[in-house]
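> Hey, dropping run.csv in here, CSV, C-alpha atoms:
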chain,number,residue,atom,x,y,z
A,15,MET,CA,-29.7,35.2,102.3
A,16,ASN,CA,-26.8,37.1,103.9
A,17,GLN,CA,-23.6,35.8,105.4
A,18,ASN,CA,-25.0,35.8,109.0
A,19,GLN,CA,-27.9,33.7,107.9
A,20,ASN,CA,-25.6,31.3,106.2
A,21,GLN,CA,-23.5,30.9,109.3
A,22,GLN,CA,-26.6,29.9,111.2
A,23,ASN,CA,-27.3,27.2,108.6
A,24,PRO,CA,-25.9,23.9,109.8
A,25,ASN,CA,-25.1,23.0,106.2
A,26,TYR,CA,-22.9,26.0,105.7
A,27,TYR,CA,-19.2,25.6,106.0
A,28,TYR,CA,-16.0,27.3,104.7
A,29,ASN,CA,-14.6,25.4,101.8
A,30,GLY,CA,-11.0,25.7,100.6
A,31,GLY,CA,-10.5,29.3,101.6
A,32,TYR,CA,-13.7,30.5,100.0
A,33,PRO,CA,-15.7,31.6,103.1
A,34,ASN,CA,-18.3,33.4,101.1
A,35,GLN,CA,-19.5,30.3,99.2
A,36,PRO,CA,-22.2,28.4,101.2
A,37,VAL,CA,-22.7,24.7,100.6
A,38,TYR,CA,-26.3,23.6,101.0
A,39,TYR,CA,-27.7,20.1,101.8
A,40,ASN,CA,-27.9,17.9,98.7
A,41,PRO,CA,-30.6,15.2,99.1
A,42,ASN,CA,-29.0,13.1,96.4
A,43,LEU,CA,-26.0,12.5,98.7
A,44,ASN,CA,-28.1,10.2,101.0
A,45,ARG,CA,-29.7,8.2,98.2
A,46,PRO,CA,-28.6,4.6,97.4
A,47,PRO,CA,-26.5,4.2,94.3
A,48,MET,CA,-28.5,4.0,91.1
A,49,ILE,CA,-29.1,0.4,89.7
A,50,SER,CA,-27.8,-0.1,86.3
A,51,GLU,CA,-30.1,-1.3,83.5
A,52,GLU,CA,-28.1,-4.6,83.3
A,53,MET,CA,-28.5,-5.2,87.0
A,54,ARG,CA,-32.2,-4.4,86.8
A,55,ARG,CA,-32.7,-7.0,84.1
A,56,GLN,CA,-30.8,-9.6,86.1
A,57,ILE,CA,-33.0,-9.0,89.1
A,58,GLU,CA,-36.1,-9.2,87.0
A,59,LEU,CA,-34.9,-12.5,85.3
A,60,ARG,CA,-34.1,-14.0,88.8
A,61,ASN,CA,-37.6,-13.1,90.0
A,62,LYS,CA,-39.2,-14.6,86.9
A,63,LYS,CA,-37.2,-17.8,87.3
A,64,ARG,CA,-38.3,-18.1,90.9
A,65,ALA,CA,-41.9,-17.6,90.0
A,66,GLU,CA,-41.8,-20.1,87.1
A,67,ARG,CA,-40.1,-22.7,89.4
A,68,ASN,CA,-42.8,-22.3,92.0
A,69,SER,CA,-45.5,-22.5,89.4
A,70,LEU,CA,-44.0,-25.8,87.9
A,71,ILE,CA,-43.6,-27.3,91.4
A,72,PHE,CA,-47.3,-26.6,92.0
A,73,ASP,CA,-48.2,-28.1,88.7
A,74,GLY,CA,-46.3,-31.3,89.5
A,75,VAL,CA,-48.0,-31.6,92.8
A,76,CYS,CA,-51.4,-31.2,91.1
A,77,PHE,CA,-50.5,-33.9,88.5
A,78,GLY,CA,-49.3,-36.3,91.2
A,79,ALA,CA,-52.3,-35.6,93.4
A,80,THR,CA,-54.6,-36.3,90.5
A,81,ILE,CA,-53.0,-39.6,89.7
A,82,ILE,CA,-53.2,-40.7,93.4
A,83,ILE,CA,-56.8,-39.5,93.7
A,84,SER,CA,-57.7,-41.5,90.6
A,85,LEU,CA,-56.1,-44.7,92.1
A,86,ILE,CA,-57.8,-44.1,95.4
A,87,ILE,CA,-61.2,-43.8,93.7
A,88,GLN,CA,-60.6,-47.1,91.9
A,89,VAL,CA,-59.6,-48.8,95.1
A,90,ILE,CA,-62.7,-47.5,96.9
A,91,LEU,CA,-65.0,-48.6,94.1
A,92,VAL,CA,-63.5,-52.1,94.0
A,93,LEU,CA,-63.9,-52.4,97.8
A,94,LEU,CA,-67.5,-51.3,97.5
A,95,LEU,CA,-68.0,-53.9,94.8
A,96,GLN,CA,-66.5,-56.6,97.0
A,97,GLY,CA,-68.8,-55.6,99.8
A,98,SER,CA,-71.9,-55.6,97.6
A,99,GLY,CA,-71.8,-59.3,96.9
A,100,TYR,CA,-71.3,-58.8,93.1
A,101,TYR,CA,-67.6,-59.3,93.1
A,102,SER,CA,-67.9,-63.0,92.0
A,103,LEU,CA,-69.9,-61.8,89.0
A,104,PHE,CA,-67.2,-59.3,88.3
A,105,GLU,CA,-64.6,-62.0,88.2
A,106,THR,CA,-66.5,-64.3,85.9
A,107,SER,CA,-68.6,-62.1,83.6
A,108,CYS,CA,-66.9,-60.2,80.7
A,109,THR,CA,-69.9,-58.0,80.3
A,110,PHE,CA,-70.1,-56.9,83.9
A,111,GLN,CA,-66.3,-56.6,84.1
A,112,ASN,CA,-66.1,-54.1,81.2
A,113,ALA,CA,-69.2,-52.2,82.2
A,114,PHE,CA,-67.7,-51.7,85.7
A,115,ASN,CA,-64.5,-50.6,83.9
A,116,ILE,CA,-66.3,-47.9,82.0
A,117,LEU,CA,-68.0,-46.4,85.1
A,118,ALA,CA,-65.2,-46.9,87.7
A,119,VAL,CA,-62.0,-46.5,85.8
A,120,HIS,CA,-62.9,-43.9,83.2
A,121,VAL,CA,-65.8,-41.9,84.3
A,122,ALA,CA,-65.4,-41.8,88.1
A,123,SER,CA,-61.6,-42.1,88.4
A,124,MET,CA,-60.5,-40.2,85.3
A,125,LEU,CA,-63.1,-37.9,83.8
A,126,ILE,CA,-63.9,-36.3,87.2
A,127,PRO,CA,-60.4,-35.9,88.7
A,128,TYR,CA,-58.9,-34.5,85.4
A,129,THR,CA,-61.8,-32.1,85.0
A,130,ILE,CA,-61.0,-30.8,88.5
A,131,LEU,CA,-57.4,-30.6,87.5
A,132,TYR,CA,-58.4,-28.3,84.7
A,133,LEU,CA,-60.4,-26.1,87.0
A,134,VAL,CA,-57.5,-25.8,89.4
A,135,LEU,CA,-55.0,-24.9,86.7
A,136,LYS,CA,-57.4,-23.0,84.4
A,137,LYS,CA,-55.2,-19.9,84.2
A,138,ARG,CA,-52.4,-22.1,82.6
A,139,TYR,CA,-54.4,-22.8,79.4
A,140,LYS,CA,-53.8,-21.0,76.2
A,141,GLY,CA,-56.8,-21.5,73.9
A,142,ASP,CA,-59.6,-24.1,74.3
A,143,LEU,CA,-59.4,-27.0,76.7
A,144,VAL,CA,-60.3,-29.4,73.9
A,145,PRO,CA,-58.4,-28.3,70.7
A,146,ALA,CA,-60.5,-29.3,67.7
A,147,LYS,CA,-59.2,-27.5,64.7
A,148,LYS,CA,-60.9,-28.7,61.5
A,149,LEU,CA,-58.6,-30.9,59.4
A,150,ASP,CA,-58.9,-31.9,55.7
A,151,LYS,CA,-60.1,-35.6,55.5
A,152,VAL,CA,-57.0,-36.7,53.7
A,153,GLN,CA,-54.8,-34.9,56.1
A,154,LEU,CA,-56.6,-36.4,59.1
A,155,PHE,CA,-56.3,-39.9,57.6
A,156,ALA,CA,-52.6,-39.4,57.0
A,157,TRP,CA,-52.0,-38.4,60.7
A,158,VAL,CA,-54.1,-41.3,61.9
A,159,SER,CA,-52.2,-43.7,59.7
A,160,LEU,CA,-48.8,-42.4,60.8
A,161,GLY,CA,-49.9,-42.5,64.4
A,162,MET,CA,-51.1,-46.1,64.1
A,163,GLY,CA,-47.8,-47.2,62.7
A,164,LEU,CA,-45.9,-45.5,65.5
A,165,CYS,CA,-48.2,-47.0,68.1
A,166,LEU,CA,-47.5,-50.5,66.7
A,167,ALA,CA,-43.8,-49.7,66.8
A,168,SER,CA,-44.2,-48.7,70.4
A,169,ASN,CA,-45.8,-52.1,71.1
A,170,TYR,CA,-42.7,-53.9,69.7
A,171,ILE,CA,-40.4,-51.8,71.8
A,172,THR,CA,-42.5,-52.7,74.9
A,173,ASN,CA,-42.2,-56.4,73.9
A,174,GLY,CA,-38.5,-55.8,73.8
A,175,VAL,CA,-38.6,-54.6,77.5
A,176,ILE,CA,-40.5,-57.8,78.4
A,177,GLU,CA,-37.9,-59.9,76.7
A,178,LEU,CA,-35.1,-58.0,78.5
A,179,PHE,CA,-36.7,-58.9,81.9
A,180,LYS,CA,-36.9,-62.5,80.8
A,181,MET,CA,-33.2,-62.5,79.9
A,182,CYS,CA,-32.6,-61.4,83.5
A,183,GLY,CA,-34.7,-64.3,84.8
A,184,TYR,CA,-38.0,-62.5,85.5
A,185,GLU,CA,-41.4,-62.4,83.9
A,186,LEU,CA,-43.7,-59.4,83.9
A,187,THR,CA,-47.2,-60.5,84.3
A,188,MET,CA,-50.4,-58.7,83.4
A,189,PRO,CA,-53.9,-58.9,84.9
A,190,GLU,CA,-56.1,-61.5,83.2
A,191,TYR,CA,-59.5,-60.4,81.8
A,192,GLU,CA,-62.5,-62.5,80.7
A,193,LYS,CA,-62.9,-62.9,77.0
A,194,PRO,CA,-66.3,-62.0,75.4
A,195,ASP,CA,-68.7,-64.9,75.4
A,196,SER,CA,-71.7,-63.2,73.7
A,197,THR,CA,-72.6,-60.5,71.2
A,198,LEU,CA,-73.5,-58.2,74.1
A,199,ALA,CA,-70.1,-58.8,75.7
A,200,VAL,CA,-68.4,-58.0,72.4
A,201,ILE,CA,-70.3,-54.7,72.1
A,202,VAL,CA,-69.5,-53.8,75.8
A,203,VAL,CA,-65.8,-54.7,75.2
A,204,ILE,CA,-65.6,-52.4,72.2
A,205,VAL,CA,-67.1,-49.6,74.1
A,206,SER,CA,-65.0,-50.2,77.2
A,207,THR,CA,-61.7,-50.9,75.5
A,208,ALA,CA,-61.7,-48.7,72.3
A,209,ILE,CA,-64.4,-46.0,72.4
A,210,ILE,CA,-64.4,-44.8,76.0
A,211,PRO,CA,-60.6,-44.8,76.6
A,212,GLY,CA,-60.1,-43.1,73.2
A,213,ILE,CA,-62.3,-40.2,74.3
A,214,ILE,CA,-61.8,-39.9,78.1
A,215,GLU,CA,-58.1,-40.7,78.3
A,216,GLU,CA,-57.3,-38.3,75.5
A,217,TYR,CA,-59.4,-35.6,77.2
A,218,ALA,CA,-57.5,-36.2,80.4
A,219,PHE,CA,-54.0,-36.3,79.1
A,220,ARG,CA,-53.9,-34.6,75.7
A,221,CYS,CA,-56.4,-31.9,76.8
A,222,SER,CA,-56.2,-31.4,80.5
A,223,VAL,CA,-52.5,-32.2,81.3
A,224,LEU,CA,-51.0,-31.2,77.9
A,225,GLY,CA,-53.0,-28.0,77.8
A,226,ALA,CA,-51.8,-26.9,81.2
A,227,LEU,CA,-48.1,-27.3,80.1
A,228,LYS,CA,-48.2,-25.9,76.5
A,229,GLY,CA,-47.2,-22.5,77.7
A,230,ARG,CA,-44.0,-24.0,79.1
A,231,GLY,CA,-42.8,-25.2,75.7
A,232,LYS,CA,-44.4,-27.6,73.3
A,233,PHE,CA,-41.8,-30.3,73.4
A,234,PHE,CA,-41.6,-30.1,77.2
A,235,ALA,CA,-45.4,-30.4,77.4
A,236,VAL,CA,-45.5,-33.5,75.2
A,237,LEU,CA,-42.8,-35.2,77.3
A,238,ALA,CA,-44.2,-34.3,80.7
A,239,SER,CA,-47.7,-35.2,79.8
A,240,SER,CA,-46.5,-38.6,78.5
A,241,ILE,CA,-44.7,-39.3,81.8
A,242,VAL,CA,-48.0,-38.5,83.7
A,243,PHE,CA,-49.9,-40.7,81.2
A,244,GLY,CA,-47.4,-43.6,81.8
A,245,LEU,CA,-47.5,-43.3,85.6
A,246,MET,CA,-51.3,-43.4,85.5
A,247,HIS,CA,-51.1,-47.0,84.2
A,248,GLY,CA,-49.4,-48.3,87.3
A,249,ASN,CA,-46.9,-50.9,86.1
A,250,VAL,CA,-43.7,-51.0,84.0
A,251,ILE,CA,-45.1,-52.8,80.9
A,252,GLN,CA,-48.0,-50.3,80.6
A,253,PHE,CA,-45.8,-47.4,81.6
A,254,VAL,CA,-43.3,-48.0,78.8
A,255,PHE,CA,-46.1,-48.5,76.2
A,256,ALA,CA,-48.2,-45.6,77.4
A,257,PHE,CA,-45.2,-43.3,77.6
A,258,LEU,CA,-44.2,-44.0,74.0
A,259,VAL,CA,-47.8,-43.8,72.7
A,260,GLY,CA,-48.2,-40.6,74.8
A,261,LEU,CA,-45.2,-39.0,72.9
A,262,VAL,CA,-46.9,-39.9,69.6
A,263,LEU,CA,-50.4,-38.7,70.5
A,264,GLY,CA,-49.1,-35.5,72.2
A,265,TYR,CA,-46.9,-34.6,69.2
A,266,ILE,CA,-49.8,-35.1,66.8
A,267,THR,CA,-52.2,-33.1,69.0
A,268,ILE,CA,-49.7,-30.2,69.1
A,269,LYS,CA,-49.0,-30.4,65.3
A,270,THR,CA,-52.6,-30.5,64.3
A,271,ASP,CA,-54.0,-28.3,67.1
A,272,SER,CA,-56.7,-30.9,67.4
A,273,VAL,CA,-57.3,-33.9,69.8
A,274,ILE,CA,-59.5,-35.7,67.2
A,275,PRO,CA,-56.6,-37.6,65.5
A,276,ALA,CA,-55.3,-38.7,68.9
A,277,MET,CA,-58.7,-40.0,69.9
A,278,LEU,CA,-59.1,-41.9,66.7
A,279,ILE,CA,-55.6,-43.4,67.0
A,280,HIS,CA,-56.1,-44.3,70.6
A,281,GLY,CA,-59.4,-46.0,69.8
A,282,LEU,CA,-58.2,-47.9,66.7
A,283,ASN,CA,-55.0,-49.0,68.5
A,284,ASN,CA,-57.0,-50.5,71.4
A,285,GLY,CA,-59.5,-51.8,68.9
A,286,LEU,CA,-56.8,-54.2,67.5
A,287,SER,CA,-57.1,-56.3,70.7
A,288,VAL,CA,-60.9,-56.1,70.5
A,289,LEU,CA,-60.8,-57.3,66.9
A,290,SER,CA,-58.8,-60.4,68.0
A,291,ASP,CA,-61.1,-61.2,70.9
A,292,ALA,CA,-64.3,-60.7,68.9
A,293,LEU,CA,-63.1,-62.8,66.0
A,294,THR,CA,-61.9,-65.5,68.4
A,295,TYR,CA,-65.5,-65.7,69.8
A,296,TYR,CA,-67.1,-65.7,66.3
A,297,SER,CA,-64.7,-67.6,64.2
A,298,GLY,CA,-62.0,-69.2,66.3
A,299,GLY,CA,-58.4,-68.4,67.2
A,300,LYS,CA,-56.9,-69.2,63.8
A,301,ILE,CA,-58.9,-66.7,61.8
A,302,ALA,CA,-58.5,-64.1,64.6
A,303,SER,CA,-54.7,-64.5,64.3
A,304,TYR,CA,-54.7,-64.1,60.5
A,305,ALA,CA,-57.0,-61.1,60.7
A,306,SER,CA,-54.9,-59.4,63.4
A,307,SER,CA,-51.7,-60.0,61.4
A,308,ALA,CA,-53.4,-58.6,58.3
A,309,ALA,CA,-54.5,-55.5,60.3
A,310,VAL,CA,-51.0,-54.9,61.6
A,311,VAL,CA,-49.5,-55.1,58.1
A,312,MET,CA,-52.2,-52.8,56.7
A,313,TRP,CA,-51.5,-50.1,59.3
A,314,PHE,CA,-47.8,-50.3,58.7
A,315,VAL,CA,-48.3,-49.8,55.0
A,316,LEU,CA,-50.7,-47.0,55.5
A,317,SER,CA,-48.3,-45.4,58.0
A,318,LEU,CA,-45.6,-45.3,55.3
A,319,TRP,CA,-48.1,-43.6,53.0
A,320,GLY,CA,-49.1,-41.2,55.8
A,321,LEU,CA,-45.4,-40.3,56.5
A,322,ALA,CA,-44.7,-39.7,52.8
A,323,TYR,CA,-47.9,-37.5,52.4
A,324,LEU,CA,-47.1,-35.4,55.5
A,325,VAL,CA,-43.5,-34.9,54.4
A,326,LEU,CA,-44.5,-33.8,50.9
A,327,LYS,CA,-47.0,-31.4,52.4
A,328,LYS,CA,-44.4,-30.2,54.9
A,329,GLU,CA,-46.7,-31.0,57.8
A,330,LEU,CA,-44.0,-32.6,59.9
A,331,ILE,CA,-41.7,-29.6,59.8
A,332,ALA,CA,-42.3,-27.3,62.7
A,333,LYS,CA,-43.3,-23.8,61.5
A,334,LYS,CA,-41.6,-21.0,63.4
A,335,ALA,CA,-44.3,-19.2,65.4
A,336,PRO,CA,-44.3,-15.4,65.5
A,337,LYS,CA,-42.1,-13.9,68.2
A,338,GLU,CA,-45.1,-12.7,70.3
A,339,GLU,CA,-46.6,-16.2,70.3
A,340,ARG,CA,-43.5,-18.2,71.3
A,341,GLU,CA,-43.3,-19.7,74.7
A,342,GLN,CA,-41.5,-17.2,77.1
A,343,SER,CA,-39.8,-19.6,79.5
A,344,THR,CA,-36.9,-18.5,81.7
A,345,LEU,CA,-35.8,-22.1,82.7
A,346,SER,CA,-34.0,-24.7,80.8
A,347,PHE,CA,-35.7,-27.9,79.7
A,348,GLY,CA,-34.0,-30.0,82.4
A,349,ALA,CA,-34.7,-27.4,85.1
A,350,LYS,CA,-38.4,-27.5,84.2
A,351,LEU,CA,-38.5,-31.2,84.3
A,352,LEU,CA,-36.8,-31.3,87.7
A,353,CYS,CA,-39.4,-28.9,89.1
A,354,LEU,CA,-42.2,-31.3,88.1
A,355,LEU,CA,-40.6,-34.5,89.5
A,356,PRO,CA,-41.1,-33.9,93.2
A,357,GLY,CA,-44.8,-33.8,92.8
A,358,LEU,CA,-44.7,-37.1,90.9
A,359,THR,CA,-42.6,-38.9,93.5
A,360,ILE,CA,-45.5,-40.7,95.2
A,361,PRO,CA,-47.0,-42.0,91.9
A,362,LEU,CA,-43.5,-43.2,91.0
A,363,ILE,CA,-43.3,-45.1,94.3
A,364,VAL,CA,-46.8,-46.6,93.6
A,365,LEU,CA,-45.6,-47.6,90.1
A,366,ILE,CA,-42.6,-49.4,91.6
A,367,ALA,CA,-44.7,-51.1,94.3
A,368,MET,CA,-47.3,-52.3,91.8
A,369,THR,CA,-44.6,-53.5,89.4
A,370,ALA,CA,-42.9,-55.5,92.2
A,371,GLN,CA,-46.2,-57.5,92.6
A,372,THR,CA,-46.2,-58.4,88.9
A,373,VAL,CA,-42.6,-59.5,88.6
A,374,VAL,CA,-42.3,-63.3,88.8
A,375,PRO,CA,-39.0,-65.2,88.8
A,376,ILE,CA,-38.8,-67.7,85.9
A,377,LYS,CA,-38.4,-71.2,87.2
As structure tokens, what does this structure read like?


Amino acid sequence: MNQNQNQQNPNYYYNGGYPNQPVYYNPNLNRPPMISEEMRRQIELRNKKRAERNSLIFDGVCFGATIIISLIIQVILVLLLQGSGYYSLFETSCTFQNAFNILAVHVASMLIPYTILYLVLKKRYKGDLVPAKKLDKVQLFAWVSLGMGLCLASNYITNGVIELFKMCGYELTMPEYEKPDSTLAVIVVIVSTAIIPGIIEEYAFRCSVLGALKGRGKFFAVLASSIVFGLMHGNVIQFVFAFLVGLVLGYITIKTDSVIPAMLIHGLNNGLSVLSDALTYYSGGKIASYASSAAVVMWFVLSLWGLAYLVLKKELIAKKAPKEEREQSTLSFGAKLLCLLPGLTIPLIVLIAMTAQTVVPIK
């Protein structure tokens, strides 16, 4: 290219007294400044945090909606029962009452909604929906014994909350249920109170809810699923007890990678009340009281053995997972919890409203 051609080029100009040196267009001059590696990481982290917040908010809405749907199903089924003409039988028959409880409370309003929850949040789950790692028999018994002791301790804490309300001049009442009046009623009560809840409630909360949250952090998953478990029960007394028991059962499920110990603990814990009712029917209240007290002492002793065994076997100490298996969360524990809470607002309001109906001033 000669000088005349350069002069016709709009990018040619004379520079600092050197007219023979053409300057051509440099495309890099119009590009935005390069982003540093640190800035790129910050942008990526910010995007991940936004995505995780949105995901947790959605999870909270799903949990809250599932609780509300469960309560709505129960209300609808009770209304249908009232309209069928069998409600008077429900109020007076222990067998009918507990049979209805199996179908309405656990199968229709818990098994179905929490299975739908799993299907909606299916991508959140790491591993099987129902964890069932095989445990050594002695190891299983140790976990169950420790869990029973902690559940009994939770019951005493709940009684402390009841006493605290009494000190403030209020009594927290609970719904009254018919006691078994036949062998058939005893069998139905065992199934309704111990066996079915131990299976279905653990499936709903230690499998469906806990499983959806494990990828957010194990401790966070245990705490959040326990809050959902407590809210499902609908009043303060049961919320406190269910929340504390939920912490125990969630921790044991995470540690053992199996829901079997939690199911056994849940069933045995509920079975203590069944034992009292059954023995009251067969032998009278005095023997039932002695037997219940003996069962409580036995489980406390076994829980101490279970604790010692698990400590010696180093089962209670959390083993550090490989780096690639650790939860990769971009949010703090508190931030994750705050993201879940908006979706649980309505169940919380329902809890307060239902509790208000059970609070009676002491005269």

> Could you check the closest approach to Leu330 in chain A for each of A:Cys221, A:Ile57, A:Ala146, A:Ala156 and tell me which residue wins, using only C-alpha atoms?

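Using only C-alpha atoms, Leu330 in chain A sits closest to A:Ala156.
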
> May I have the residues within 9 Å of Pro275 in chain A as number ranges by chain, using all atoms listed in the file and disregarding those fewer than 5 positions away in the same chain?

A: 154-155, 157-158, 161, 263, 266-267, 270, 280

> Val200 in chain A: which residues within 12 Å, counting all atoms listed in the file, same-chain residues fewer than 6 positions away excluded, as a ChimeraX atom specification?

/A:107-113,192-194,206-208,285,287-296

> For Asn249 in chain A, which residue among A:Asn115, A:Gln88, A:Gln56, A:Thr187 is the nearest when counting all atoms listed in the file?

A:Thr187

> Excluding Leu91 in chain A and any residue of its chain fewer than 3 positions from it, enumerate the residues within 12 Å of it, using all atoms listed in the file, and give them as a compact mmCIF listing (two decimals) with C-alpha atoms, in the coordinates of the input.


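Resulting contents of part-v8.txt:
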# COMPACT_ATOMS: atom_id res chain seq x y z
CA SER A 84 -57.70 -41.50 90.60
CA LEU A 85 -56.10 -44.70 92.10
CA ILE A 86 -57.80 -44.10 95.40
CA ILE A 87 -61.20 -43.80 93.70
CA GLN A 88 -60.60 -47.10 91.90
CA LEU A 94 -67.50 -51.30 97.50
CA LEU A 95 -68.00 -53.90 94.80
CA GLN A 96 -66.50 -56.60 97.00
CA GLY A 97 -68.80 -55.60 99.80
CA SER A 98 -71.90 -55.60 97.60
CA TYR A 101 -67.60 -59.30 93.10
CA PHE A 114 -67.70 -51.70 85.70
CA ASN A 115 -64.50 -50.60 83.90
CA LEU A 117 -68.00 -46.40 85.10
CA ALA A 118 -65.20 -46.90 87.70
CA VAL A 119 -62.00 -46.50 85.80
CA VAL A 121 -65.80 -41.90 84.30
CA ALA A 122 -65.40 -41.80 88.10
CA SER A 123 -61.60 -42.10 88.40

> With a distance cut-off of 10 Å and all atoms listed in the file, select the neighbouring residues of Ile81 in chain A, excluding the residue or stretch itself and same-chain residues fewer than 6 positions from it, and output the selection as a PyMOL selection string.

chain A and resi 75+123-124+127-128+242-243+245-248+358+360-361

> Could you check how far CA of Ile171 in chain A sits from CA of Gly231 in chain A, in Å to one decimal?

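One can read the CA of Ile171 in chain A to CA of Gly231 in chain A distance as 27.0 Å.
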
> What separation in Å, quoted to one decimal, exists between CA of Ser222 in chain A and CA of Tyr139 in chain A?

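About the pair CA of Ser222 in chain A and CA of Tyr139 in chain A: they are 8.9 Å apart.
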
> Find the residues near Ile274 in chain A: any atom within 9 Å, counting only C-alpha atoms, skip ones fewer than 2 places away on the same chain, and give them as number ranges by chain.

A: 145-147, 154, 213, 216, 267, 272, 276-279

> Go ahead and compute the interatomic distance for CA of Gly260 in chain A and CA of Ser240 in chain A, in Å to one decimal.

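Distance reported for this atom pair: 4.5 Å.
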